[in-house]
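Coordinates from upload05.cif are shown below (mmCIF, C-alpha atoms and all ligand atoms).
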data_work
loop_
_atom_site.label_atom_id
_atom_site.label_comp_id
_atom_site.auth_asym_id
_atom_site.auth_seq_id
_atom_site.Cartn_x
_atom_site.Cartn_y
_atom_site.Cartn_z
CA MET E 10 115.14 -20.91 323.06
CA ILE E 11 116.45 -23.99 324.84
CA PHE E 12 116.38 -27.33 323.05
CA ILE E 13 117.41 -30.50 324.87
CA PRO E 14 117.49 -33.56 322.60
CA HIS E 15 116.39 -36.95 323.90
CA SER E 16 119.82 -38.49 323.31
CA ARG E 17 123.28 -37.35 322.22
CA PRO E 18 126.53 -39.25 321.70
CA PHE E 19 129.65 -38.17 323.61
CA ILE E 20 132.66 -37.90 321.30
CA ASP E 21 135.66 -35.63 321.85
CA GLU E 22 139.28 -35.13 320.82
CA ASP E 23 140.34 -38.66 322.01
CA GLU E 24 138.06 -40.34 319.52
CA LEU E 25 139.01 -37.95 316.69
CA VAL E 26 142.74 -38.58 317.15
CA ASP E 27 142.38 -42.37 317.34
CA VAL E 28 140.03 -42.64 314.36
CA MET E 29 142.24 -40.31 312.30
CA LYS E 30 145.26 -42.55 312.97
CA VAL E 31 143.43 -45.55 311.56
CA LEU E 32 142.03 -43.63 308.58
CA THR E 33 145.51 -42.55 307.54
CA SER E 34 147.24 -45.85 308.38
CA GLY E 35 146.42 -47.65 305.16
CA TRP E 36 144.34 -50.34 306.92
CA ILE E 37 140.72 -49.34 307.53
CA ALA E 38 138.68 -52.57 307.23
CA GLN E 39 138.50 -55.35 309.86
CA GLY E 40 141.93 -55.86 311.38
CA GLU E 41 144.01 -55.25 314.49
CA LYS E 42 141.69 -52.61 316.02
CA VAL E 43 138.66 -54.88 315.70
CA ARG E 44 140.60 -57.62 317.52
CA ARG E 45 141.57 -55.11 320.24
CA LEU E 46 137.96 -54.01 320.73
CA GLU E 47 136.86 -57.66 320.95
CA GLU E 48 139.51 -58.37 323.59
CA THR E 49 138.67 -55.23 325.55
CA ILE E 50 134.95 -55.97 325.77
CA ALA E 51 135.34 -59.71 326.44
CA LYS E 52 137.73 -58.88 329.27
CA PHE E 53 135.42 -56.22 330.68
CA VAL E 54 132.35 -58.48 330.65
CA GLY E 55 134.29 -61.58 331.63
CA THR E 56 133.74 -63.98 328.75
CA LYS E 57 136.32 -66.00 326.87
CA TYR E 58 135.37 -65.01 323.34
CA ALA E 59 134.05 -62.06 321.35
CA ALA E 60 133.25 -61.26 317.73
CA ALA E 61 132.58 -57.73 316.46
CA VAL E 62 129.92 -57.34 313.79
CA SER E 63 128.15 -54.60 311.84
CA SER E 64 125.20 -54.01 314.21
CA GLY E 65 123.31 -55.26 317.23
CA SER E 66 120.71 -56.72 314.89
CA ALA E 67 123.40 -58.64 312.99
CA ALA E 68 124.70 -59.88 316.35
CA LEU E 69 121.22 -61.17 317.29
CA TYR E 70 120.83 -62.91 313.94
CA LEU E 71 124.26 -64.56 314.15
CA ALA E 72 123.66 -65.57 317.78
CA LEU E 73 120.46 -67.34 316.69
CA LYS E 74 122.20 -69.03 313.75
CA SER E 75 125.07 -70.14 315.96
CA LEU E 76 122.50 -71.91 318.18
CA ASP E 77 121.11 -73.69 315.09
CA VAL E 78 117.82 -71.82 315.27
CA GLY E 79 115.97 -72.22 311.99
CA PRO E 80 112.66 -73.06 310.29
CA GLY E 81 110.14 -74.76 312.60
CA ASP E 82 111.77 -73.35 315.75
CA LYS E 83 110.26 -70.87 318.19
CA VAL E 84 112.13 -68.09 319.95
CA ILE E 85 110.68 -66.23 322.93
CA ILE E 86 111.01 -62.44 322.90
CA PRO E 87 109.31 -59.68 324.94
CA SER E 88 106.62 -57.46 323.45
CA TYR E 89 107.92 -54.22 324.89
CA ILE E 90 110.98 -53.70 322.68
CA CYS E 91 112.04 -52.37 319.28
CA SER E 92 111.45 -54.72 316.37
CA SER E 93 115.13 -55.72 316.02
CA PRO E 94 114.78 -59.10 317.88
CA PHE E 95 111.56 -59.82 315.98
CA TRP E 96 113.29 -59.40 312.62
CA ALA E 97 116.40 -61.30 313.69
CA VAL E 98 114.21 -64.31 314.54
CA LYS E 99 112.31 -63.98 311.25
CA LEU E 100 115.52 -63.68 309.24
CA ALA E 101 116.79 -66.87 310.87
CA GLY E 102 113.60 -68.54 309.57
CA ALA E 103 112.09 -69.15 313.03
CA GLU E 104 108.91 -67.87 314.68
CA PRO E 105 108.92 -65.25 317.45
CA ARG E 106 106.77 -66.05 320.52
CA ILE E 107 105.88 -62.79 322.18
CA VAL E 108 105.51 -62.55 325.95
CA ASP E 109 104.67 -59.78 328.38
CA ILE E 110 106.95 -57.78 330.65
CA SER E 111 106.89 -56.86 334.28
CA LEU E 112 106.01 -53.21 334.82
CA SER E 113 108.41 -52.86 337.75
CA ASP E 114 111.50 -52.80 335.50
CA PHE E 115 110.08 -53.22 331.95
CA ASN E 116 111.93 -56.52 331.55
CA ILE E 117 110.60 -59.83 330.23
CA ASP E 118 108.49 -61.58 332.90
CA PRO E 119 110.03 -64.99 333.79
CA SER E 120 106.69 -66.50 334.81
CA GLU E 121 105.20 -65.55 331.42
CA VAL E 122 108.26 -67.03 329.71
CA LYS E 123 107.82 -70.36 331.53
CA LYS E 124 104.19 -70.59 330.36
CA LYS E 125 105.28 -70.24 326.71
CA ILE E 126 108.11 -72.80 326.65
CA ARG E 127 107.40 -75.72 324.28
CA PRO E 128 109.58 -78.52 322.85
CA LYS E 129 110.22 -76.35 319.75
CA THR E 130 111.41 -73.37 321.84
CA LYS E 131 115.05 -73.10 320.81
CA ALA E 132 116.04 -69.86 322.55
CA ILE E 133 114.90 -66.94 324.71
CA ILE E 134 116.07 -63.43 323.84
CA VAL E 135 116.42 -61.53 327.11
CA PRO E 136 116.97 -57.78 326.74
CA HIS E 137 118.12 -55.83 329.79
CA MET E 138 115.78 -52.97 329.16
CA PHE E 139 116.83 -49.36 329.59
CA GLY E 140 120.04 -50.46 331.32
CA CYS E 141 118.40 -52.45 334.11
CA PRO E 142 119.23 -56.18 334.34
CA ALA E 143 116.42 -58.69 333.78
CA GLU E 144 115.86 -61.67 336.13
CA ILE E 145 118.60 -63.50 334.33
CA ASP E 146 119.25 -66.32 336.87
CA GLU E 147 115.65 -67.48 336.74
CA LEU E 148 115.62 -67.33 332.94
CA VAL E 149 118.88 -69.26 332.56
CA ASN E 150 117.46 -71.89 334.94
CA THR E 151 114.64 -72.70 332.49
CA GLY E 152 117.23 -74.75 330.60
CA VAL E 153 116.39 -73.09 327.27
CA PRO E 154 119.45 -71.34 325.75
CA VAL E 155 119.38 -67.64 326.64
CA ILE E 156 120.58 -64.90 324.31
CA GLU E 157 121.26 -61.92 326.52
CA ASP E 158 120.49 -58.70 324.63
CA CYS E 159 122.78 -56.16 326.29
CA ALA E 160 122.30 -53.49 323.60
CA GLN E 161 121.17 -51.02 326.28
CA ALA E 162 123.09 -52.38 329.23
CA LEU E 163 126.88 -52.48 328.71
CA GLY E 164 128.33 -52.24 332.24
CA ALA E 165 125.13 -53.11 334.12
CA GLU E 166 125.50 -55.69 336.89
CA TYR E 167 123.31 -58.48 338.22
CA LYS E 168 124.39 -59.81 341.63
CA ASP E 169 127.76 -58.03 341.20
CA ARG E 170 128.50 -59.63 337.83
CA PRO E 171 128.35 -57.81 334.48
CA VAL E 172 125.39 -58.62 332.25
CA GLY E 173 126.47 -60.44 329.13
CA SER E 174 128.23 -63.15 331.14
CA PHE E 175 125.10 -65.16 332.09
CA GLY E 176 123.55 -66.31 328.81
CA THR E 177 124.72 -69.01 326.41
CA VAL E 178 125.57 -66.09 324.16
CA SER E 179 125.15 -62.34 324.54
CA VAL E 180 124.89 -59.45 322.12
CA PHE E 181 125.71 -55.75 322.24
CA SER E 182 124.96 -52.75 320.04
CA PHE E 183 127.15 -49.71 319.46
CA TYR E 184 124.57 -47.66 317.58
CA ALA E 185 124.95 -43.86 317.82
CA THR E 186 122.96 -43.41 321.04
CA LYS E 187 123.86 -46.59 322.95
CA ILE E 188 126.06 -46.69 326.08
CA ILE E 189 129.15 -46.57 323.87
CA THR E 190 129.09 -46.02 320.12
CA THR E 191 130.91 -46.90 316.93
CA GLY E 192 128.24 -45.21 314.77
CA GLU E 193 126.78 -48.57 313.89
CA GLY E 194 128.20 -51.79 315.27
CA GLY E 195 127.63 -54.79 317.45
CA MET E 196 129.30 -57.64 319.30
CA ILE E 197 128.72 -61.25 320.27
CA LEU E 198 130.19 -62.67 323.47
CA THR E 199 130.27 -66.26 324.67
CA ASN E 200 132.31 -68.78 326.62
CA ARG E 201 131.68 -71.47 324.03
CA GLU E 202 134.35 -71.98 321.45
CA ARG E 203 131.94 -73.62 318.97
CA ILE E 204 129.60 -70.62 318.99
CA ILE E 205 132.31 -68.04 318.37
CA ARG E 206 133.85 -70.17 315.64
CA ARG E 207 130.49 -70.36 313.85
CA VAL E 208 129.85 -66.60 314.21
CA LYS E 209 133.29 -65.74 312.81
CA GLU E 210 132.71 -68.15 309.91
CA MET E 211 129.37 -66.56 309.08
CA ARG E 212 130.40 -62.88 309.30
CA ASP E 213 132.84 -63.08 306.39
CA TYR E 214 132.65 -64.64 302.91
CA ASP E 215 136.11 -64.07 301.50
CA LYS E 216 138.36 -67.03 300.60
CA LYS E 217 136.12 -69.47 302.42
CA SER E 218 134.16 -72.60 301.47
CA LEU E 219 130.60 -72.47 300.17
CA LYS E 220 129.51 -75.17 302.61
CA THR E 221 128.15 -72.88 305.34
CA GLN E 222 125.94 -69.85 304.84
CA ARG E 223 127.98 -66.65 304.98
CA PHE E 224 127.58 -62.96 304.43
CA ASN E 225 129.37 -59.70 305.20
CA PHE E 226 128.67 -58.66 308.80
CA LYS E 227 132.08 -57.12 309.53
CA MET E 228 133.02 -54.01 311.50
CA THR E 229 135.73 -51.64 310.25
CA ASP E 230 138.96 -50.82 312.08
CA PHE E 231 138.12 -47.12 312.30
CA GLN E 232 134.82 -47.96 313.97
CA ALA E 233 136.69 -50.24 316.36
CA ALA E 234 139.16 -47.41 317.15
CA LEU E 235 136.17 -45.25 318.05
CA GLY E 236 134.85 -48.08 320.23
CA ILE E 237 138.19 -48.54 322.03
CA ALA E 238 138.34 -44.82 322.82
CA GLN E 239 134.74 -44.99 324.06
CA MET E 240 135.56 -48.00 326.28
CA ARG E 241 138.17 -45.88 328.09
CA LYS E 242 135.32 -43.55 329.01
CA LEU E 243 132.83 -46.26 329.95
CA GLN E 244 133.16 -45.95 333.73
CA SER E 245 132.77 -42.19 333.59
CA PHE E 246 129.78 -42.55 331.21
CA ILE E 247 128.06 -44.92 333.64
CA GLY E 248 128.95 -42.75 336.63
CA LYS E 249 127.45 -39.71 334.93
CA ARG E 250 124.26 -41.55 333.99
CA ARG E 251 123.80 -42.90 337.53
CA GLN E 252 124.46 -39.46 338.98
CA ILE E 253 121.78 -37.86 336.80
CA ALA E 254 119.33 -40.67 337.60
CA SER E 255 119.91 -40.18 341.30
CA LEU E 256 119.33 -36.43 340.99
CA TYR E 257 116.09 -36.99 339.05
CA SER E 258 114.90 -39.51 341.64
CA GLN E 259 115.62 -37.06 344.46
CA LYS E 260 114.11 -34.00 342.83
CA LEU E 261 111.23 -35.10 340.64
CA GLN E 262 108.10 -35.02 342.72
CA SER E 263 104.45 -35.45 341.96
CA SER E 264 101.48 -37.49 343.15
CA ILE E 265 100.83 -38.60 339.56
CA LEU E 266 104.36 -39.90 338.93
CA ARG E 267 106.04 -43.28 339.37
CA LEU E 268 109.84 -43.14 339.37
CA PRO E 269 112.20 -46.03 338.49
CA GLU E 270 112.71 -48.53 341.31
CA GLU E 271 116.25 -49.27 342.49
CA CYS E 272 116.83 -52.93 343.26
CA ASP E 273 119.67 -53.98 345.61
CA TYR E 274 121.07 -56.84 343.50
CA LYS E 275 120.79 -55.04 340.15
CA LYS E 276 122.98 -52.14 339.10
CA SER E 277 121.36 -50.25 336.26
CA VAL E 278 123.43 -48.10 333.89
CA TYR E 279 120.37 -45.92 333.22
CA TYR E 280 120.46 -46.07 329.47
CA ARG E 281 117.02 -44.53 329.89
CA TYR E 282 115.30 -42.84 332.81
CA ILE E 283 111.68 -43.95 332.57
CA ILE E 284 108.83 -42.39 334.47
CA LEU E 285 105.25 -43.66 334.53
CA THR E 286 102.26 -41.36 334.55
CA GLU E 287 98.68 -41.51 333.35
CA LYS E 288 99.28 -38.01 331.99
CA ARG E 289 102.10 -39.23 329.73
CA ARG E 290 100.78 -37.67 326.54
CA ALA E 291 100.09 -34.25 328.02
CA LEU E 292 103.45 -34.26 329.81
CA GLN E 293 105.31 -35.17 326.60
CA ILE E 294 103.61 -32.39 324.62
CA LYS E 295 104.09 -29.74 327.30
CA ALA E 296 107.74 -30.73 327.83
CA LYS E 297 108.33 -30.39 324.10
CA GLY E 298 106.85 -26.87 324.35
CA LYS E 299 109.60 -26.10 326.87
CA GLY E 300 112.30 -27.49 324.58
CA ILE E 301 112.67 -30.84 326.38
CA SER E 302 112.49 -33.80 324.08
CA CYS E 303 110.94 -36.75 325.95
CA GLU E 304 110.04 -39.91 324.09
CA ARG E 305 108.01 -43.05 324.44
CA PRO E 306 110.91 -45.45 325.15
CA VAL E 307 109.47 -48.09 322.82
CA TRP E 308 107.82 -46.99 319.60
CA LYS E 309 105.04 -49.58 319.79
CA PRO E 310 104.92 -52.95 321.61
CA LEU E 311 105.25 -55.88 319.20
CA HIS E 312 101.91 -57.46 320.13
CA ARG E 313 100.22 -54.18 319.19
CA CYS E 314 102.10 -54.02 315.87
CA LEU E 315 100.77 -57.52 315.21
CA LYS E 316 97.29 -56.55 316.46
CA VAL E 317 97.08 -59.32 319.04
CA GLY E 318 96.34 -59.09 322.77
CA GLY E 319 97.69 -60.80 325.83
CA CYS E 320 100.34 -58.33 327.02
CA PRO E 321 98.54 -56.04 329.50
CA GLN E 322 101.74 -54.83 331.19
CA SER E 323 103.24 -53.83 327.85
CA ASP E 324 99.99 -51.98 327.10
CA LEU E 325 100.31 -50.07 330.35
CA ALA E 326 103.93 -49.22 329.60
CA TYR E 327 102.92 -48.07 326.12
CA ASP E 328 100.29 -45.74 327.59
CA ARG E 329 102.22 -44.40 330.56
CA ALA E 330 105.99 -44.68 330.12
CA LEU E 331 108.00 -41.62 329.17
CA SER E 332 111.76 -41.40 328.76
CA LEU E 333 113.53 -38.23 329.95
CA PRO E 334 116.85 -37.03 328.49
CA ILE E 335 119.75 -38.76 330.29
CA TYR E 336 123.26 -38.98 328.85
CA PRO E 337 126.83 -38.03 329.80
CA ARG E 338 126.75 -34.77 327.81
CA LEU E 339 123.69 -33.45 329.65
CA SER E 340 124.97 -30.41 331.56
CA SER E 341 124.05 -29.54 335.16
CA ARG E 342 122.16 -26.55 333.85
CA GLU E 343 120.14 -28.75 331.51
CA GLN E 344 119.47 -31.28 334.30
CA ASN E 345 118.12 -28.56 336.58
CA TYR E 346 116.07 -27.05 333.78
CA ILE E 347 114.49 -30.45 333.10
CA ILE E 348 113.73 -31.04 336.79
CA ASN E 349 112.16 -27.59 337.27
CA LYS E 350 110.06 -27.67 334.13
CA ILE E 351 108.86 -31.27 334.55
CA ASN E 352 107.88 -30.59 338.17
CA LEU E 353 105.97 -27.47 337.12
CA ILE E 354 104.16 -29.27 334.32
CA LEU E 355 103.25 -32.16 336.62
CA LYS E 356 101.87 -29.72 339.19
CA GLU E 357 99.71 -28.16 336.50
CA LEU E 358 98.54 -31.55 335.27
CA SER E 359 97.75 -32.96 338.70
CA SER E 360 95.68 -29.94 339.74
CA ALA E 361 93.72 -30.29 336.49
CA TYR E 362 92.20 -33.53 337.85
C1 LIG E 401 119.50 -51.03 319.69
C2 LIG E 401 118.97 -52.35 320.07
C3 LIG E 401 119.05 -53.45 319.22
C4 LIG E 401 119.53 -53.36 317.81
O1 LIG E 401 120.82 -52.88 317.68
P1 LIG E 401 121.28 -52.16 316.29
O2 LIG E 401 122.74 -51.96 316.48
O3 LIG E 401 120.51 -50.89 316.18
O4 LIG E 401 120.96 -53.11 315.20
C5 LIG E 401 118.58 -54.69 319.68
N1 LIG E 401 118.07 -54.81 320.91
C6 LIG E 401 117.97 -53.77 321.76
C7 LIG E 401 117.43 -54.01 323.14
C8 LIG E 401 118.40 -52.50 321.37
O5 LIG E 401 118.29 -51.47 322.22
#
Have the structure of the file written as structure tokens, please.
Ligand SMILES: *Cc1c(COP(=O)(O)O)cnc(C)c1O
Amino acid sequence: MIFIPHSRPFIDEDELVDVMKVLTSGWIAQGEKVRRLEETIAKFVGTKYAAAVSSGSAALYLALKSLDVGPGDKVIIPSYICSSPFWAVKLAGAEPRIVDISLSDFNIDPSEVKKKIRPKTKAIIVPHMFGCPAEIDELVNTGVPVIEDCAQALGAEYKDRPVGSFGTVSVFSFYATKIITTGEGGMILTNRERIIRRVKEMRDYDKKSLKTQRFNFKMTDFQAALGIAQMRKLQSFIGKRRQIASLYSQKLQSSILRLPEECDYKKSVYYRYIILTEKRRALQIKAKGKGISCERPVWKPLHRCLKVGGCPQSDLAYDRALSLPIYPRLSSREQNYIINKINLILKELSSAY
């Protein structure tokens, strides 16, 4: 019986050797490797500064704090996302303002954002969903500080420039199934010296004054060694993901299916391959029966968790969006199996109309 999981990390001998070296070196906590990973990613994205932290969520929280977001402030976030940005805003003491997405790429809708901006709006969190860049120029032009959430989009490009280099500050996640992984981990990038100084102050408590709020948000050196080894594979990871996406887009065919749209000035890294169909539920169940694990890409839109309305596009995505397995370790055989089975199921479902 075939079983194809929805996601899988890619780790081989390179990672094992590099992590082992750190584990046996006598220095395993934050040190030289963490600095190397920070340099590597800042250089890749094209920002001056970087700070590694314990998770993407920690990175979001510290990014908010570094922008002086606190009680009484509002932060705009999209509805169609995991609850990490919601909790980061809450933890900073501010109030999330939830806006709708655009169904064409599942990203936050700039015109909805503009309607929600008030004097107390201190920041906008802009995730590049599923690896596809959001309309970042338009959002930066609102004048409200933008926190780019690149947790799903390391290596994606907007107008030939890497995402993470547009916002006032940007954050990344290296959770197990992200574009690259350190198990758990995150990073903050910026060109502003003041922001990075504040983040580095706040991520560590040892031998420092009690004047600013601090905690332990550090990454370990063996995680960073894993991350550095993963960064060497980044281009091949992205190439593989784009190759699979292109095959899916060529071969998946059905009258009841909407495939992802390619956009000429955005280069997606296809963290997820999302299809839209009114038969989402039936397709998901039948695919599971064939050993293919497809998932709703977002567990539940935030406005629905809060039992409020006003996000019709997120509702549509919640009903219709399904994420197919796509990752560098997906073999050709598995890709073809997925294509054949999904096409067959869709044929069945469309004739059942
Ligand atoms: C994964 C993710 C996060 C949170 O990152 P963690 O490392 O899991 O804390 C935040 N935003 C987005 C868009 C994500 O995909």
Using only C-alpha atoms and all ligand atoms, find each residue in chain E having at least one atom no more than 6 Å away from ligand LIG 401 (chain E); report its shortest atom-to-atom pair and that distance in Å (one decimal), rows by chain then rising number, as JSON lines.
{"residue": "E:Ser64", "atom": "CA", "partner": "E:LIG401", "partner_atom": "O2", "distance": 3.9}
{"residue": "E:Gly65", "atom": "CA", "partner": "E:LIG401", "partner_atom": "O2", "distance": 3.4}
{"residue": "E:Ser66", "atom": "CA", "partner": "E:LIG401", "partner_atom": "O4", "distance": 3.6}
{"residue": "E:Ser93", "atom": "CA", "partner": "E:LIG401", "partner_atom": "C5", "distance": 5.1}
{"residue": "E:Pro136", "atom": "CA", "partner": "E:LIG401", "partner_atom": "C7", "distance": 5.2}
{"residue": "E:Asp158", "atom": "CA", "partner": "E:LIG401", "partner_atom": "C7", "distance": 5.8}
{"residue": "E:Ala160", "atom": "CA", "partner": "E:LIG401", "partner_atom": "C8", "distance": 4.6}
{"residue": "E:Gln161", "atom": "CA", "partner": "E:LIG401", "partner_atom": "O5", "distance": 5.0}
{"residue": "E:Ser182", "atom": "CA", "partner": "E:LIG401", "partner_atom": "O2", "distance": 4.3}
{"residue": "E:Phe183", "atom": "CA", "partner": "E:LIG401", "partner_atom": "O2", "distance": 5.8}
{"residue": "E:Tyr184", "atom": "CA", "partner": "E:LIG401", "partner_atom": "O2", "distance": 4.8}
{"residue": "E:Glu193", "atom": "CA", "partner": "E:LIG401", "partner_atom": "O2", "distance": 5.9}
{"residue": "E:Gly194", "atom": "CA", "partner": "E:LIG401", "partner_atom": "O2", "distance": 5.6}
{"residue": "E:Gly195", "atom": "CA", "partner": "E:LIG401", "partner_atom": "O2", "distance": 5.7}
Subject >> Polymer residues at most 9 Å from Ile253 in chain E, all atoms listed in the file, same-chain spacing of 2 or more positions, as a PyMOL selection string >> reply: chain E and resi 248-251+255-258+279+335-337+339+341+344
As a check of understanding: the span from CA of Pro18 in chain E to CA of Gln239 in chain E is 10.3 Å
Non-local contacts of range 128-133 of chain E (10 Å; only C-alpha atoms; under 5 positions in same chain excluded) as number ranges by chain:
E: 72-73, 76-79, 81-87, 98, 103-106, 117, 122, 148-149, 151-158, 176-177
Counting all atoms listed in the file, what is within 12 Å of Ser16 in chain E, bar same-chain residues fewer than 5 positions away, as a compact mmCIF listing (two decimals) with C-alpha atoms, in the frame of the given file?
# COMPACT_ATOMS: atom_id res chain seq x y z
CA TYR E 184 124.57 -47.66 317.58
CA ALA E 185 124.95 -43.86 317.82
CA THR E 186 122.96 -43.41 321.04
CA LYS E 187 123.86 -46.59 322.95
CA ILE E 188 126.06 -46.69 326.08
CA ARG E 250 124.26 -41.55 333.99
CA TYR E 280 120.46 -46.07 329.47
CA ARG E 281 117.02 -44.53 329.89
CA TYR E 282 115.30 -42.84 332.81
CA ILE E 301 112.67 -30.84 326.38
CA SER E 302 112.49 -33.80 324.08
CA CYS E 303 110.94 -36.75 325.95
CA GLU E 304 110.04 -39.91 324.09
CA PRO E 306 110.91 -45.45 325.15
CA SER E 332 111.76 -41.40 328.76
CA LEU E 333 113.53 -38.23 329.95
CA PRO E 334 116.85 -37.03 328.49
CA ILE E 335 119.75 -38.76 330.29
CA TYR E 336 123.26 -38.98 328.85
CA PRO E 337 126.83 -38.03 329.80
CA ARG E 338 126.75 -34.77 327.81
CA LEU E 339 123.69 -33.45 329.65
Taken to one decimal, the CA of Ser120 in chain E-CA of Glu166 in chain E distance is 21.8 Å
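The shortest atom-to-atom distance to Gly319 in chain E, with only C-alpha atoms taken into account, belongs to E:Val108 out of E:Ile294, E:Ile37, E:Val108, E:Val135.
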Skip range 169-171 of chain E itself and residues of its chain fewer than 6 positions away, then list as an MDAnalysis selection string all residues within 9 Å of it, counting all atoms listed in the file. chainID E and resid 53:55 163 274:276
- request: Could you jot down the CA of Asp230 in chain E to CA of Arg206 in chain E separation for me, Å, one decimal place?
  value: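 Computing the Euclidean distance for CA of Asp230 in chain E and CA of Arg206 in chain E yields 20.3 Å.
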Minimum-distance residue to Ala97 in chain E, chosen among E:Ile126, E:Met240, E:Leu69, E:Ala162 (using only C-alpha atoms):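 Looking only at the distances to Ala97 in chain E, the closest residue turns out to be E:Leu69.
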- Residues near range 310-312 of chain E, cut-off 6 Å, only C-alpha atoms, skip fewer than 2 positions along chain, as a list in words: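 After dropping sequence-adjacent residues, the list is Ser88, Tyr89, Cys314, Leu315, Lys316 and Val317 of chain E.
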Which residues of range 254-300 of chain E sit at most 12 Å from range 109-116 of chain E, using all atoms listed in the file? Give each one's shortest atom pair and distance in Å (one decimal place), in chain and ascending residue order, as a Markdown table.
| residue | atom | partner | partner_atom | distance |
| --- | --- | --- | --- | --- |
| E:Arg267 | CA | E:Ser113 | CA | 10.0 |
| E:Leu268 | CA | E:Ser113 | CA | 10.0 |
| E:Pro269 | CA | E:Asp114 | CA | 7.4 |
| E:Glu270 | CA | E:Ser113 | CA | 7.1 |
| E:Glu271 | CA | E:Asp114 | CA | 9.2 |
| E:Cys272 | CA | E:Asp114 | CA | 9.4 |
| E:Lys275 | CA | E:Asp114 | CA | 10.6 |
| E:Ser277 | CA | E:Asp114 | CA | 10.2 |
| E:Tyr279 | CA | E:Asp114 | CA | 11.5 |
| E:Arg281 | CA | E:Phe115 | CA | 11.3 |
| E:Tyr282 | CA | E:Asp114 | CA | 11.0 |
| E:Ile283 | CA | E:Asp114 | CA | 9.3 |
| E:Ile284 | CA | E:Asp114 | CA | 10.8 |
| E:Leu285 | CA | E:Leu112 | CA | 9.6 |
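Residue nearest Ile205 in chain E within the list E:Leu358, E:Ile247, E:Ala68, E:Leu325: E:Ala68 [criterion: smallest interatomic distance, all atoms listed in the file].
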Set up a box along x, y and z of the file covering all listed atoms of range 125-142 of chain E, add 3 Å on every one of the six sides, and write the centre and edge lengths in Å to one decimal, as JSON.
{"center_x": 112.7, "center_y": -63.9, "center_z": 327.0, "size_x": 20.8, "size_y": 35.2, "size_z": 20.6}
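In terms of minimum interatomic distance to Lys288 in chain E, E:Ser359 ranks closest within E:Ser359, E:Leu219, E:Leu235, E:Tyr327, counting all atoms listed in the file.
Residues lying at most 6 Å from (121.6, -58.1, 332.4) in file coordinates, with all atoms listed in the file considered, are His137, Pro142, Ala143 and Val172 of chain E.
For the residues E:Gly140, E:Ile354, E:Thr56, E:Lys125, ranking by smallest atom-to-atom distance to Ala254 in chain E using all atoms listed in the file places E:Gly140 first.
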_Counting only C-alpha atoms, the option among E:Arg342, E:His15, E:Lys217, E:Lys52 closest to Asn200 in chain E_ =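 Nearest candidate to Asn200 in chain E out of E:Arg342, E:His15, E:Lys217, E:Lys52: E:Lys52.
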Starting from the sparse input, extend range 202-210 of chain E to N, CA, C and O atoms and give the output as a short mmCIF file (atom, residue, chain, number, x, y, z; two decimals), in the coordinates of the input.
data_model
loop_
_atom_site.label_atom_id
_atom_site.label_comp_id
_atom_site.auth_asym_id
_atom_site.auth_seq_id
_atom_site.Cartn_x
_atom_site.Cartn_y
_atom_site.Cartn_z
N GLU E 202 133.46 -72.08 322.59
CA GLU E 202 134.35 -71.98 321.45
C GLU E 202 133.59 -72.26 320.14
O GLU E 202 133.77 -71.56 319.14
N ARG E 203 132.68 -73.25 320.17
CA ARG E 203 131.94 -73.62 318.97
C ARG E 203 131.09 -72.44 318.46
O ARG E 203 131.02 -72.18 317.25
N ILE E 204 130.46 -71.74 319.39
CA ILE E 204 129.60 -70.62 318.99
C ILE E 204 130.41 -69.52 318.33
O ILE E 204 130.07 -69.02 317.26
N ILE E 205 131.54 -69.15 318.93
CA ILE E 205 132.31 -68.04 318.37
C ILE E 205 132.91 -68.44 317.02
O ILE E 205 132.99 -67.62 316.10
N ARG E 206 133.29 -69.70 316.91
CA ARG E 206 133.85 -70.17 315.64
C ARG E 206 132.79 -70.04 314.53
O ARG E 206 133.06 -69.55 313.44
N ARG E 207 131.56 -70.44 314.84
CA ARG E 207 130.49 -70.36 313.85
C ARG E 207 130.18 -68.90 313.47
O ARG E 207 130.00 -68.58 312.30
N VAL E 208 130.14 -68.02 314.49
CA VAL E 208 129.85 -66.60 314.21
C VAL E 208 130.93 -66.02 313.31
O VAL E 208 130.64 -65.34 312.32
N LYS E 209 132.20 -66.31 313.62
CA LYS E 209 133.29 -65.74 312.81
C LYS E 209 133.29 -66.30 311.39
O LYS E 209 133.66 -65.62 310.44
N GLU E 210 132.87 -67.57 311.25
CA GLU E 210 132.71 -68.15 309.91
C GLU E 210 131.65 -67.39 309.11
O GLU E 210 131.85 -67.06 307.96
#
